[in-house]
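S.K.: Enclosed is the structure file run30.cif (mmCIF, C-alpha atoms).
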```
data_structure
#
loop_
_atom_site.label_atom_id
_atom_site.label_comp_id
_atom_site.auth_asym_id
_atom_site.auth_seq_id
_atom_site.Cartn_x
_atom_site.Cartn_y
_atom_site.Cartn_z
CA MET A 1 0.00 0.00 0.00
CA SER A 2 2.75 2.46 0.97
CA ILE A 3 4.63 1.60 -2.23
CA LYS A 4 1.50 2.37 -4.24
CA ILE A 5 1.06 5.71 -2.50
CA SER A 6 4.71 6.53 -3.04
CA ALA A 7 4.53 5.61 -6.73
CA LYS A 8 1.45 7.77 -7.14
CA ALA A 9 3.13 10.68 -5.32
CA ASN A 10 6.22 10.31 -7.51
CA THR A 11 4.19 10.31 -10.70
CA LYS A 12 2.31 13.40 -9.53
CA ALA A 13 5.59 15.15 -8.68
CA THR A 14 6.98 14.22 -12.12
CA ILE A 15 3.93 15.70 -13.87
CA ILE A 16 4.16 18.85 -11.73
CA GLN A 17 7.85 19.27 -12.56
CA ALA A 18 7.22 18.83 -16.29
CA GLY A 19 4.29 21.27 -16.11
CA LEU A 20 6.40 23.81 -14.25
CA GLU A 21 9.11 23.76 -16.93
CA ILE A 22 6.62 24.13 -19.77
CA MET A 23 4.41 26.72 -18.03
CA LEU A 24 7.46 28.76 -17.10
CA GLU A 25 8.33 29.16 -20.75
CA LYS A 26 4.89 29.18 -22.40
CA GLY A 27 2.53 30.52 -19.76
CA TYR A 28 -0.69 28.91 -18.56
CA SER A 29 -2.84 29.14 -21.66
CA ASN A 30 -0.18 27.87 -24.04
CA THR A 31 0.61 24.86 -21.90
CA GLY A 32 -1.02 21.76 -23.32
CA ILE A 33 -1.81 18.88 -21.00
CA GLN A 34 -0.81 16.37 -23.66
CA GLU A 35 2.62 17.94 -23.98
CA VAL A 36 3.07 17.81 -20.20
CA LEU A 37 2.13 14.13 -20.11
CA SER A 38 4.38 13.26 -23.07
CA THR A 39 7.31 15.09 -21.47
CA SER A 40 6.80 13.34 -18.15
CA GLY A 41 6.34 9.93 -19.78
CA VAL A 42 2.94 9.45 -18.18
CA PRO A 43 0.26 7.65 -20.23
CA LYS A 44 -2.20 9.93 -21.98
CA GLY A 45 -5.55 10.24 -20.27
CA SER A 46 -4.21 9.81 -16.73
CA PHE A 47 -4.03 13.56 -15.99
CA TYR A 48 -7.41 13.74 -14.26
CA HIS A 49 -6.38 10.86 -12.04
CA TYR A 50 -3.98 13.32 -10.40
CA PHE A 51 -5.58 16.74 -10.90
CA GLU A 52 -9.17 17.94 -10.89
CA SER A 53 -8.61 20.44 -13.67
CA LYS A 54 -5.94 22.47 -15.45
CA GLU A 55 -6.55 25.23 -12.89
CA ASN A 56 -5.98 22.77 -10.04
CA PHE A 57 -2.80 21.60 -11.82
CA ALA A 58 -1.51 25.19 -11.98
CA PHE A 59 -2.45 25.67 -8.32
CA GLU A 60 -0.33 22.65 -7.40
CA ILE A 61 2.54 23.93 -9.53
CA ILE A 62 2.41 27.28 -7.69
CA HIS A 63 2.40 25.41 -4.37
CA SER A 64 5.42 23.36 -5.46
CA VAL A 65 7.31 26.50 -6.60
CA GLN A 66 6.74 28.06 -3.21
CA GLU A 67 7.83 24.88 -1.39
CA SER A 68 11.02 24.92 -3.42
CA TRP A 69 11.54 28.62 -2.57
CA VAL A 70 11.08 27.88 1.13
CA ALA A 71 13.62 25.02 0.91
CA ASN A 72 16.22 26.73 -1.30
CA ASN A 73 15.89 30.52 -1.10
CA LEU A 74 14.39 31.34 2.27
CA PRO A 75 17.41 29.91 4.17
CA THR A 76 19.57 32.55 2.45
CA LEU A 77 17.41 35.31 3.97
CA GLN A 78 17.73 33.68 7.39
CA ASP A 79 21.40 32.72 7.25
CA GLY A 80 22.96 33.74 10.56
CA GLU A 81 26.45 33.50 9.07
CA GLN A 82 25.81 36.59 6.96
CA THR A 83 24.64 40.09 7.87
CA PRO A 84 21.12 40.97 6.65
CA LEU A 85 22.51 43.13 3.82
CA GLN A 86 24.83 40.30 2.74
CA ARG A 87 21.90 37.87 2.79
CA LEU A 88 19.82 40.15 0.55
CA ARG A 89 22.77 40.49 -1.79
CA THR A 90 23.30 36.70 -1.93
CA TYR A 91 19.57 36.29 -2.55
CA CYS A 92 19.81 38.63 -5.56
CA ASP A 93 23.02 37.01 -6.81
CA ILE A 94 21.31 33.60 -6.83
CA GLY A 95 18.44 35.06 -8.88
CA LEU A 96 20.84 36.79 -11.25
CA THR A 97 22.83 33.58 -11.80
CA SER A 98 19.61 31.73 -12.50
CA LEU A 99 18.59 34.33 -15.09
CA LEU A 100 22.04 34.16 -16.74
CA THR A 101 21.96 30.35 -16.77
CA GLY A 102 18.54 30.43 -18.42
CA GLN A 103 19.65 33.14 -20.88
CA CYS A 104 16.89 35.42 -19.59
CA ARG A 105 14.19 33.06 -20.71
CA LYS A 106 11.36 31.96 -18.46
CA GLY A 107 11.78 34.54 -15.66
CA CYS A 108 9.75 33.81 -12.53
CA LEU A 109 6.64 31.62 -12.70
CA ILE A 110 4.93 33.60 -9.96
CA GLY A 111 5.42 36.86 -11.86
CA ASN A 112 4.50 35.32 -15.20
CA LEU A 113 1.27 33.74 -13.96
CA SER A 114 0.38 36.89 -12.02
CA GLN A 115 0.37 38.91 -15.20
CA GLU A 116 -1.43 36.29 -17.24
CA MET A 117 -3.96 34.85 -14.82
CA SER A 118 -4.80 37.38 -12.06
CA ASP A 119 -7.94 38.50 -13.86
CA GLN A 120 -8.77 35.04 -15.19
CA SER A 121 -8.84 32.80 -12.14
CA GLU A 122 -9.61 33.81 -8.58
CA VAL A 123 -8.16 30.49 -7.34
CA LEU A 124 -4.79 31.17 -8.98
CA ARG A 125 -4.82 34.88 -8.11
CA THR A 126 -5.30 34.05 -4.42
CA ALA A 127 -2.53 31.43 -4.49
CA LEU A 128 -0.15 33.85 -6.23
CA SER A 129 -1.05 36.63 -3.82
CA HIS A 130 -0.24 34.38 -0.83
CA VAL A 131 3.14 33.52 -2.33
CA MET A 132 3.95 37.18 -2.96
CA THR A 133 2.97 38.09 0.60
CA ALA A 134 5.09 35.29 2.10
CA ARG A 135 8.13 36.39 0.10
CA ARG A 136 7.73 40.04 1.00
CA ASP A 137 7.24 39.13 4.67
CA ALA A 138 10.53 37.19 4.62
CA LEU A 139 12.30 40.14 2.96
CA ALA A 140 10.79 42.50 5.55
CA VAL A 141 12.06 40.37 8.46
CA CYS A 142 15.58 40.41 7.01
CA ILE A 143 15.43 44.17 6.32
CA ALA A 144 14.10 44.88 9.83
CA GLU A 145 17.04 42.97 11.29
CA GLY A 146 19.41 45.05 9.17
CA GLN A 147 17.71 48.22 10.36
CA GLU A 148 18.03 47.15 13.99
CA MET A 149 21.74 46.67 13.66
CA GLY A 150 22.11 49.95 11.77
CA GLU A 151 23.15 48.34 8.49
CA ILE A 152 20.05 49.29 6.48
CA SER A 153 18.35 52.68 6.18
CA ARG A 154 15.64 53.34 8.77
CA SER A 155 14.03 56.14 6.79
CA PHE A 156 11.05 53.92 6.03
CA PRO A 157 9.41 50.89 7.69
CA ALA A 158 10.97 47.53 6.77
CA THR A 159 7.68 46.37 5.24
CA GLU A 160 7.70 49.30 2.79
CA LEU A 161 11.34 48.81 1.86
CA ALA A 162 10.56 45.11 1.34
CA ASP A 163 7.67 46.06 -0.93
CA LEU A 164 9.83 48.32 -3.04
CA PHE A 165 12.64 45.75 -3.10
CA ASP A 166 10.24 43.10 -4.33
CA SER A 167 8.54 45.36 -6.89
CA GLY A 168 11.89 46.56 -8.23
CA TRP A 169 13.22 43.03 -8.48
CA SER A 170 10.11 41.67 -10.23
CA GLY A 171 10.02 44.56 -12.69
CA ALA A 172 13.72 44.17 -13.45
CA VAL A 173 13.33 40.43 -14.09
CA MET A 174 10.39 41.19 -16.38
CA SER A 175 12.49 43.69 -18.36
CA ALA A 176 15.38 41.22 -18.50
CA LYS A 177 13.08 38.60 -19.98
CA THR A 178 11.79 40.97 -22.66
CA GLU A 179 15.08 42.64 -23.49
CA LYS A 180 17.11 39.43 -23.20
CA THR A 181 19.78 41.07 -21.09
CA VAL A 182 20.35 41.02 -17.32
CA ARG A 183 21.26 44.72 -17.35
CA PRO A 184 17.99 45.90 -15.67
CA VAL A 185 18.64 43.40 -12.85
CA GLU A 186 22.28 44.50 -12.49
CA ILE A 187 21.17 48.14 -12.30
CA PHE A 188 18.57 47.24 -9.66
CA ILE A 189 21.25 45.49 -7.59
CA ASN A 190 23.77 48.32 -8.00
CA LEU A 191 21.32 51.04 -6.96
CA MET A 192 19.69 49.08 -4.15
CA PHE A 193 22.92 47.98 -2.51
CA GLY A 194 25.11 50.90 -3.52
CA TYR A 195 22.68 53.53 -2.35
CA PHE A 196 19.01 52.99 -1.49
CA LEU A 197 19.30 50.46 1.30
CA LYS A 198 22.43 51.95 2.80
CA ALA A 199 22.00 53.46 6.23
CA ASP A 200 24.46 56.27 5.55
CA VAL A 201 22.30 57.95 2.92
CA GLN A 202 19.43 58.72 5.26
CA PRO A 203 18.51 62.37 5.36
CA MET A 204 19.53 63.54 8.83
CA SER A 205 16.12 65.00 9.57
CA HIS A 206 14.42 61.64 8.99
CA ARG A 207 16.83 59.55 11.05
CA TYR A 208 15.39 57.66 13.99
CA SER A 209 17.10 58.32 17.29
CA ALA A 210 19.69 55.61 17.99
CA ALA A 211 18.32 52.65 19.89
CA MET B 1 -11.70 56.44 -52.77
CA SER B 2 -10.64 58.43 -49.74
CA ILE B 3 -13.93 57.57 -48.04
CA LYS B 4 -13.26 53.88 -48.63
CA ILE B 5 -9.74 54.15 -47.19
CA SER B 6 -11.07 56.05 -44.21
CA ALA B 7 -13.82 53.48 -43.57
CA LYS B 8 -11.26 50.69 -43.76
CA ALA B 9 -8.93 52.54 -41.38
CA ASN B 10 -11.82 53.14 -38.98
CA THR B 11 -12.83 49.48 -38.99
CA LYS B 12 -9.24 48.46 -38.38
CA ALA B 13 -8.96 50.94 -35.49
CA THR B 14 -12.21 49.61 -34.02
CA ILE B 15 -10.94 46.03 -34.13
CA ILE B 16 -7.62 47.09 -32.58
CA GLN B 17 -9.42 48.92 -29.77
CA ALA B 18 -11.67 45.93 -29.02
CA GLY B 19 -8.65 43.61 -29.15
CA LEU B 20 -6.75 45.87 -26.78
CA GLU B 21 -9.52 45.81 -24.18
CA ILE B 22 -9.88 42.03 -24.34
CA MET B 23 -6.14 41.29 -24.49
CA LEU B 24 -5.52 43.61 -21.55
CA GLU B 25 -7.79 41.51 -19.40
CA LYS B 26 -7.27 38.02 -20.82
CA GLY B 27 -3.78 38.03 -22.25
CA TYR B 28 -2.76 37.03 -25.77
CA SER B 29 -3.52 33.33 -25.72
CA ASN B 30 -6.95 33.68 -24.14
CA THR B 31 -8.06 36.33 -26.62
CA GLY B 32 -10.28 34.82 -29.28
CA ILE B 33 -10.52 36.47 -32.65
CA GLN B 34 -14.26 35.74 -32.83
CA GLU B 35 -14.85 37.54 -29.54
CA VAL B 36 -12.88 40.55 -30.80
CA LEU B 37 -14.93 40.67 -33.99
CA SER B 38 -18.26 40.25 -32.15
CA THR B 39 -17.33 43.03 -29.71
CA SER B 40 -16.33 45.39 -32.49
CA GLY B 41 -19.40 44.55 -34.58
CA VAL B 42 -17.31 43.50 -37.56
CA PRO B 43 -18.55 40.58 -39.67
CA LYS B 44 -16.98 37.25 -38.86
CA GLY B 45 -14.35 36.14 -41.29
CA SER B 46 -13.12 39.62 -42.12
CA PHE B 47 -10.23 39.57 -39.63
CA TYR B 48 -7.61 38.48 -42.17
CA HIS B 49 -8.70 41.30 -44.43
CA TYR B 50 -7.10 43.62 -41.86
CA PHE B 51 -4.37 41.52 -40.21
CA GLU B 52 -1.99 38.87 -41.52
CA SER B 53 -2.20 36.79 -38.35
CA LYS B 54 -3.03 36.95 -34.65
CA GLU B 55 0.63 37.80 -34.01
CA ASN B 56 0.41 40.69 -36.49
CA PHE B 57 -2.82 41.80 -34.75
CA ALA B 58 -1.03 41.89 -31.37
CA PHE B 59 1.87 43.77 -32.99
CA GLU B 60 -0.56 46.42 -34.21
CA ILE B 61 -2.17 46.60 -30.75
CA ILE B 62 1.25 47.17 -29.15
CA HIS B 63 1.96 49.88 -31.74
CA SER B 64 -1.38 51.53 -30.99
CA VAL B 65 -0.75 51.41 -27.20
CA GLN B 66 2.58 53.14 -27.71
CA GLU B 67 1.02 55.77 -30.03
CA SER B 68 -1.51 56.48 -27.32
CA TRP B 69 1.25 56.73 -24.69
CA VAL B 70 3.15 59.19 -26.90
CA ALA B 71 0.00 61.29 -27.34
CA ASN B 72 -1.28 61.15 -23.75
CA ASN B 73 1.55 60.35 -21.32
CA LEU B 74 4.76 61.57 -22.90
CA PRO B 75 3.59 65.23 -22.83
CA THR B 76 3.43 64.96 -19.02
CA LEU B 77 7.13 64.05 -18.91
CA GLN B 78 7.93 67.02 -21.16
CA ASP B 79 5.61 69.59 -19.59
CA GLY B 80 7.60 72.80 -19.19
CA GLU B 81 5.01 74.14 -16.73
CA GLN B 82 6.13 71.62 -14.10
CA THR B 83 9.56 70.81 -12.67
CA PRO B 84 10.96 67.40 -13.67
CA LEU B 85 10.14 65.91 -10.26
CA GLN B 86 6.57 67.25 -10.48
CA ARG B 87 6.23 65.77 -13.97
CA LEU B 88 7.34 62.33 -12.75
CA ARG B 89 4.89 62.59 -9.88
CA THR B 90 2.02 63.57 -12.19
CA TYR B 91 2.99 60.71 -14.49
CA CYS B 92 2.67 58.28 -11.56
CA ASP B 93 -0.56 59.85 -10.33
CA ILE B 94 -2.14 59.34 -13.76
CA GLY B 95 -1.13 55.68 -13.66
CA LEU B 96 -2.41 55.28 -10.12
CA THR B 97 -5.77 56.84 -11.02
CA SER B 98 -6.06 54.52 -13.99
CA LEU B 99 -5.41 51.49 -11.76
CA LEU B 100 -7.99 52.69 -9.23
CA THR B 101 -10.54 53.34 -11.97
CA GLY B 102 -10.02 49.84 -13.33
CA GLN B 103 -10.11 48.31 -9.83
CA CYS B 104 -6.60 46.93 -10.32
CA ARG B 105 -7.69 44.77 -13.18
CA LYS B 106 -5.85 44.65 -16.49
CA GLY B 107 -2.62 46.43 -15.46
CA CYS B 108 -0.37 47.44 -18.36
CA LEU B 109 -0.61 45.64 -21.69
CA ILE B 110 3.11 46.05 -22.32
CA GLY B 111 3.96 44.40 -19.01
CA ASN B 112 1.33 41.70 -19.40
CA LEU B 113 2.39 40.71 -22.91
CA SER B 114 6.06 40.88 -21.93
CA GLN B 115 5.56 38.22 -19.30
CA GLU B 116 3.35 36.07 -21.47
CA MET B 117 4.90 36.35 -24.93
CA SER B 118 8.61 37.24 -24.65
CA ASP B 119 9.67 33.63 -25.06
CA GLN B 120 6.88 32.78 -27.50
CA SER B 121 7.20 35.34 -30.27
CA GLU B 122 10.34 37.17 -31.35
CA VAL B 123 8.20 39.65 -33.32
CA LEU B 124 6.23 40.64 -30.21
CA ARG B 125 9.28 40.53 -27.92
CA THR B 126 11.12 42.97 -30.18
CA ALA B 127 8.12 45.31 -30.37
CA LEU B 128 7.69 45.22 -26.58
CA SER B 129 11.39 45.79 -26.03
CA HIS B 130 11.30 48.89 -28.28
CA VAL B 131 8.35 50.28 -26.31
CA MET B 132 10.12 49.68 -22.99
CA THR B 133 13.28 51.37 -24.26
CA ALA B 134 11.34 54.39 -25.55
CA ARG B 135 9.58 54.83 -22.20
CA ARG B 136 12.77 54.49 -20.19
CA ASP B 137 14.55 56.94 -22.50
CA ALA B 138 11.78 59.50 -21.90
CA LEU B 139 12.03 58.96 -18.13
CA ALA B 140 15.82 59.35 -18.31
CA VAL B 141 15.56 62.68 -20.18
CA CYS B 142 13.19 64.01 -17.50
CA ILE B 143 15.38 62.69 -14.66
CA ALA B 144 18.54 64.17 -16.26
CA GLU B 145 16.82 67.55 -16.41
CA GLY B 146 15.95 67.24 -12.72
CA GLN B 147 19.54 66.34 -11.92
CA GLU B 148 20.83 69.33 -13.86
CA MET B 149 18.69 71.71 -11.86
CA GLY B 150 19.62 69.97 -8.58
CA GLU B 151 16.14 68.65 -7.89
CA ILE B 152 16.94 64.94 -8.33
CA SER B 153 19.79 62.94 -6.80
CA ARG B 154 22.95 62.84 -8.91
CA SER B 155 24.36 59.80 -7.16
CA PHE B 156 23.71 57.66 -10.22
CA PRO B 157 23.36 58.31 -13.98
CA ALA B 158 19.87 59.37 -15.09
CA THR B 159 19.61 56.28 -17.30
CA GLU B 160 20.12 53.98 -14.31
CA LEU B 161 17.65 55.87 -12.12
CA ALA B 162 15.18 55.69 -15.02
CA ASP B 163 15.72 51.95 -15.23
CA LEU B 164 15.06 51.48 -11.53
CA PHE B 165 12.06 53.81 -11.68
CA ASP B 166 10.59 51.82 -14.54
CA SER B 167 11.32 48.40 -12.98
CA GLY B 168 9.87 49.47 -9.64
CA TRP B 169 6.77 50.88 -11.27
CA SER B 170 6.16 47.80 -13.44
CA GLY B 171 6.68 45.44 -10.52
CA ALA B 172 4.36 47.47 -8.30
CA VAL B 173 1.61 47.47 -10.95
CA MET B 174 2.04 43.71 -11.31
CA SER B 175 1.63 43.24 -7.55
CA ALA B 176 -1.38 45.56 -7.51
CA LYS B 177 -3.03 43.46 -10.19
CA THR B 178 -2.46 40.23 -8.28
CA GLU B 179 -3.26 41.54 -4.83
CA LYS B 180 -6.15 43.75 -6.00
CA THR B 181 -4.93 46.73 -4.04
CA VAL B 182 -2.97 49.80 -5.14
CA ARG B 183 -0.88 49.69 -1.97
CA PRO B 184 2.33 48.45 -3.69
CA VAL B 185 2.05 51.37 -6.14
CA GLU B 186 1.44 53.87 -3.34
CA ILE B 187 4.50 52.55 -1.48
CA PHE B 188 6.57 52.84 -4.65
CA ILE B 189 5.46 56.47 -5.07
CA ASN B 190 6.06 57.34 -1.40
CA LEU B 191 9.56 55.89 -1.31
CA MET B 192 10.61 57.17 -4.72
CA PHE B 193 9.47 60.73 -4.20
CA GLY B 194 9.90 60.90 -0.44
CA TYR B 195 13.40 59.58 -0.45
CA PHE B 196 15.14 57.83 -3.34
CA LEU B 197 14.97 60.54 -5.99
CA LYS B 198 15.52 63.44 -3.62
CA ALA B 199 18.72 65.35 -4.05
CA ASP B 200 19.12 65.96 -0.31
CA VAL B 201 19.62 62.32 0.56
CA GLN B 202 22.81 61.93 -1.46
CA PRO B 203 25.72 60.73 0.60
CA MET B 204 28.08 63.71 0.83
CA SER B 205 31.02 61.72 -0.49
CA HIS B 206 29.13 60.88 -3.71
CA ARG B 207 27.85 64.35 -4.41
CA TYR B 208 28.94 65.98 -7.64
CA SER B 209 30.53 69.38 -7.29
CA ALA B 210 27.94 72.11 -7.86
CA ALA B 211 27.65 73.16 -11.50
#
```
Mind turning this structure into structure tokens?
M.R.:
Amino acid sequence: MSIKISAKANTKATIIQAGLEIMLEKGYSNTGIQEVLSTSGVPKGSFYHYFESKENFAFEIIHSVQESWVANNLPTLQDGEQTPLQRLRTYCDIGLTSLLTGQCRKGCLIGNLSQEMSDQSEVLRTALSHVMTARRDALAVCIAEGQEMGEISRSFPATELADLFDSGWSGAVMSAKTEKTVRPVEIFINLMFGYFLKADVQPMSHRYSAA
Amino acid sequence: MSIKISAKANTKATIIQAGLEIMLEKGYSNTGIQEVLSTSGVPKGSFYHYFESKENFAFEIIHSVQESWVANNLPTLQDGEQTPLQRLRTYCDIGLTSLLTGQCRKGCLIGNLSQEMSDQSEVLRTALSHVMTARRDALAVCIAEGQEMGEISRSFPATELADLFDSGWSGAVMSAKTEKTVRPVEIFINLMFGYFLKADVQPMSHRYSAA
């Protein structure tokens, strides 16, 4: 029985992984279920054995992307061996490397599906919104820690800096994907870390009193 | 003869406008040609009289969106009655009002299609990339003017600030669309104009000598 369950879970994970790869490049609407099944080597017709609908399939893909982010990216933002500013920089460097490796194709599934599906499916919009909130919350915690130790500007609340950081990053990745160059992402990194997040550029009049 | 040409041009413009509205909400792949024709009251089957293909139709829509931006938004960035910083702020306020009016649906067609189609169609990717470059160039000219008159930070080249401004704006609009709140856009505006663009937050060591 446990072997059966495990085999079923493996097949489902294989279909999700194949769907993720295809959806990342083609978007939701252009992703054909038959192509996903062919790629994953799963017999045709078995899709609805694992997923209620294409929407449910995309929901599970989003869930899997976020699980992978929690396992692989979140630890960087929580890494006690680095200062908060270093963690944010490492986090960006990992994203930049991934873009370069993929030759600026694909971008970020969460961003891609947000643009394509937010007005089309309330189920997917809600799932995407939860992912975005979780990521910004994690950025805000890291930024707040950097503010506490005086490494990051305290001119604005950590949650607002996290919002801008996330918006700027997402927009830069979107531009990189369209212009097929990582330059917008490099500029984002240079300005954020060379200037905007730095504590020493706070206007004196806005500075909090030292803790 | 001129009446015929004009009627044809009008019909084409009507189809483009209907296509724009539908594509803005549904994306490229989910936009059906029949729905576009029904909405615009044009007889079925006449689509290919006006457009070579669906891709060519989307290309013409992108072109029309940019023409409209040049007519309606670019003048704000060049308005001699306002200072450069005021122009940028008005430019953002117009965008924010548009998002609020549309209840955070739709977003920006250029951003939407960029995410969806950049890896699917080189024709559309190139068109979108040209639009993005033109917009960023216009932002950079305005920002450079503000730097010259000492109103905008000179810590970084105008082109790089324009890049960050554009990335941050696009990312914030994307978040607004997914989260169905303009809060990310408001935060972007607050931080950009309250802090990041302001000349008085330059670190002293980076400041250019006064002109």
S.K.: May I have the residues of chain A within 6 Å of chain B, counting all atoms listed in the file, written as a list in words?
M.R.: Gly27, Ser29, Asn112, Ser114, Gln115, Glu116, Ser118, Arg125, Ser129, Leu164, Ser167, Gly168, Ser170, Gly171, Ala172, Thr178, Glu179, Phe188, Val201, Gln202 and Pro203 of chain A
S.K.: Please report the interatomic distance between CA of Leu74 in chain B and CA of Cys142 in chain B in Å with one decimal.
M.R.: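 Separation of CA of Leu74 in chain B and CA of Cys142 in chain B: 10.3 Å.
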S.K.: Find the spatial neighbours of Ala58 in chain A, counting only C-alpha atoms, within a cut-off of 9 Å - ignore same-chain residues fewer than 3 positions away - and output them as a list in words.
M.R.: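 Returned residues: Ile16, Gly19, Leu20, Met23, Tyr28, Ser53, Lys54, Glu55, Ile61, Ile62, His63 and Leu124 of chain A.
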S.K.: Any idea what's packed within 8 Å of range 36-44 of chain A, counting all atoms listed in the file, ignoring anything in its chain fewer than 6 positions away? Could you give it as a VMD selection string?
M.R.: chain A and resid 11 14 to 15 18 to 19 22
S.K.: Quick one: residues within 9 Å of Gln147 in chain A, all atoms listed in the file, excluding same-chain residues fewer than 6 positions away - as a ChimeraX atom specification?
M.R.: /A:84,153-154,158,199
S.K.: Grab the residues selected above and save them as a compact mmCIF listing (two decimals), in the coordinates of the input with C-alpha atoms.
M.R.:
```txt
# COMPACT_ATOMS: atom_id res chain seq x y z
CA PRO A 84 21.12 40.97 6.65
CA SER A 153 18.35 52.68 6.18
CA ARG A 154 15.64 53.34 8.77
CA ALA A 158 10.97 47.53 6.77
CA ALA A 199 22.00 53.46 6.23
```
S.K.: If you measure from CA of Thr31 in chain A to CA of Thr101 in chain A, what distance in Å do you get, rounded to one decimal?
M.R.: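 A separation of 22.6 Å between them.
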S.K.: Could you tell me which of B:Gln17, B:Lys8, B:Glu81, B:Thr97 comes closest to Val182 in chain B if we count all atoms listed in the file?
M.R.: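 Closest to Val182 in chain B of all the choices is B:Thr97.
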S.K.: What does the PyMOL selection byres ((chain B and resi 69) around 12) select in this file, as a ChimeraX atom specification?
M.R.: /B:62-68,70-77,91,94-95,108-110,131-132,134-135,138
S.K.: As an exercise, work out the distance from CA of Val123 in chain B to CA of Gly102 in chain A in Å and give it to one decimal place.
M.R.: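 According to the coordinates, CA of Val123 in chain B and CA of Gly102 in chain A are separated by 20.3 Å.
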